[in-house]
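Enquirer: Take this structure first; my questions come after.
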Amino acid sequence: MNVMAMRQGPGKHLKGLKLMGGAVEPEEFDYFYEGIVHQELARVSSRAVIDGLLAGLVIGLPPVLNYGSKELYDKVVPETLSGKKFVALAITEAFAGSDVSGLQTTAVREGDEWVITGTKKWITNGTFADYFTTGCRTDNGFTVILIPRGPGVETKQIKTAYSSVAGTAYVTFDKVRVPVSHTLGPVGKGMQVILSNFNHERWMVCCTAVAAQRLVVEECLKWANQRVVFGKPLTNLAVIRSKLAAMIARVETSQAWLENVTYQMNHMTYAEMSDKLAGPIGLLKTYVL
C-alpha cells in the first residue's frame with residue numbers, strides 16, 4: 001500500500017508509486033492525506049506497527065529526503081521505504097538529553113571520510129536500525145551525518161516502560177568511518193537540518209495523539225451508554241455528561257488547530273515551513289499532549 005512512503009509527506013519519493021491501491025495519485029497527495037494515514041494508524045493502537053515498523057523511519061528518513069545527495073537518496077530511500085532497511089534518528093545523548101546544542105558526539109574529517117566517536121541514548125528503532133541519522137560536532141559546527149551500521153557501531157536495547165518493540169537503544173560509535181558524501185545538508189548547518197526535521201515529527205505526533213484521544217472518547221461514550229447504575233445508564237448523570245463534553249471539546253479544538261496548521265503546510269515550501277511554523281507546531285504539540 002506504500003504506507004511508509006506516504007508517512008513521509010508529499011514529494012518526489014512518491015513518484016511512480018501506487019498509493020493505497022490507487023485511492024490517491026502521488027501528484028495530488030498532500031499533508032492532509034498524510035495526516036489521515038497517521039491518524040488511522042494511531043487508531044489501530046498497535047505498538048508493533050507504530051513503534052517497531054514505522055517510528056524510526058518517519059523521523060529518521062526526512063533529512064535524507066530533504067538534504068541528502070542524489071547518490072545517497074537513490075540508495076537509501078528505495079530500500080527503507082520498501083521495508084528492507086530500517087533507519088533511526090540519533091540525536092539524544094545521555095549527557096545532553098535532547099539539547100541539540102549540547103551534543104558531544106564528534107566527527108573529524110580525514111580525507112574523504114568522517115571519523116565519528118560518541119554515544120547516543122534513547123534512540124527509537126536503534127536496536128535494529130541499518131542507518132543512523134546522527135547529529136555530530138565538527139570543527140565547523142554542528143553537522144548531520146547518515147551513518148550505516150558497520151564496524152565500530154554497537155547498539156544495546158534499553159528496557160523501558162514504554163514499548164519493547166520500539167527497539168529503544170543505547171548506541172556507541174567508536175571511530176566509525178563514513179564517507180563525506182553521507183553528510184546531510186551543509187557542514188556546520190546541522191542545527192537547521194534537525195530543527196526543521198522536528199517540525200514534521202511534532203506535527204506527526206499531534207496527528208496520532210488527536211486520533212488516539214478521539215478513540216478514547218468513543219470508548220468512553222460507548223461505556224457510559226452501556227454501563228447501567230441504579231437502573232439507568234451513566235449518561236443519565238449530569239456530571240458524566242459534563243466530563244464527556246469537556247473531552248469532546250478538547251479533541252475538537254485540537255483537531256481544528258491541527259487542520260489549520262496542516263492547511264498552512266500545504267501552502268508553504270519546506271524552507272518556509274521551517275522558518276514560520278516551528279512556533280505554531282510546537283505550541284500545538286504542547287496543547288494536544
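The chains in the C-alpha cells are called A, B, ... from first to last as shown; in each chain the residues are counted from 1, and the ligands are counted from 1 in the order shown.
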Would you list, as a ChimeraX atom specification, the residues of segment 207-252 of chain A that end up in helix (DSSP H, G or I) under DSSP run on this structure's backbone?

Expert: /A:207-226,234-236,238-252

Enquirer: Neighbours of segment 45-62 of chain A within 9 Å (only C-alpha atoms; same-chain residues fewer than 2 positions away dropped), as a ChimeraX atom specification?

Expert: /A:4-5,7-8,41-43,64-67,76-77,80-81,83,86-90,123-126,129,131-134,163-167,197-198,200-201,204,212

Enquirer: Could you please determine the separation between atom CA of Leu19 of chain A and atom CA of Glu79 of chain A in Å, to one decimal place?

Expert: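 Answer for the atom CA of Leu19 of chain A to atom CA of Glu79 of chain A separation: 17.2 Å.
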
Enquirer: If you measure from atom CA of Leu72 of chain A to atom CA of His182 of chain A, what distance in Å do you get, rounded to one decimal?

Expert: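 Going from atom CA of Leu72 of chain A over to atom CA of His182 of chain A, I get 6.8 Å.
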
Enquirer: Which is closest to Lys175 of chain A among A:Val216, A:Ala249, A:Ile145, A:Ala107, if we use only C-alpha atoms?

Expert: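 Result for the nearest residue to Lys175 of chain A: A:Ala107.
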
Enquirer: Using only C-alpha atoms, find the one residue out of A:Thr106, A:Thr172, A:Ser196, A:Thr208 that sits nearest to Glu34 of chain A.

Expert: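 Between A:Thr106, A:Thr172, A:Ser196, A:Thr208, the residue approaching Glu34 of chain A most closely is A:Thr208.
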
Enquirer: Per residue of segment 30-56 of chain A within 12 Å of segment 261-284 of chain A, which atom pair is closest and at what distance in Å (one decimal), using only C-alpha atoms, listed by chain and increasing number, as a Markdown table?

Expert:
```
| residue | atom | partner | partner_atom | distance |
| --- | --- | --- | --- | --- |
| A:Asp30 | CA | A:Asn266 | CA | 6.6 |
| A:Tyr31 | CA | A:Asn266 | CA | 6.2 |
| A:Phe32 | CA | A:Thr262 | CA | 6.5 |
| A:Tyr33 | CA | A:Thr262 | CA | 10.1 |
| A:Glu34 | CA | A:Thr262 | CA | 9.8 |
| A:Gly35 | CA | A:Thr262 | CA | 8.2 |
| A:Ile36 | CA | A:Thr262 | CA | 11.2 |
```

Enquirer: Quick one: pull the distance between atom CA of Gly152 of chain A and atom CA of Leu103 of chain A, Å, one decimal.

Expert: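 Between atom CA of Gly152 of chain A and atom CA of Leu103 of chain A the gap is 19.3 Å.
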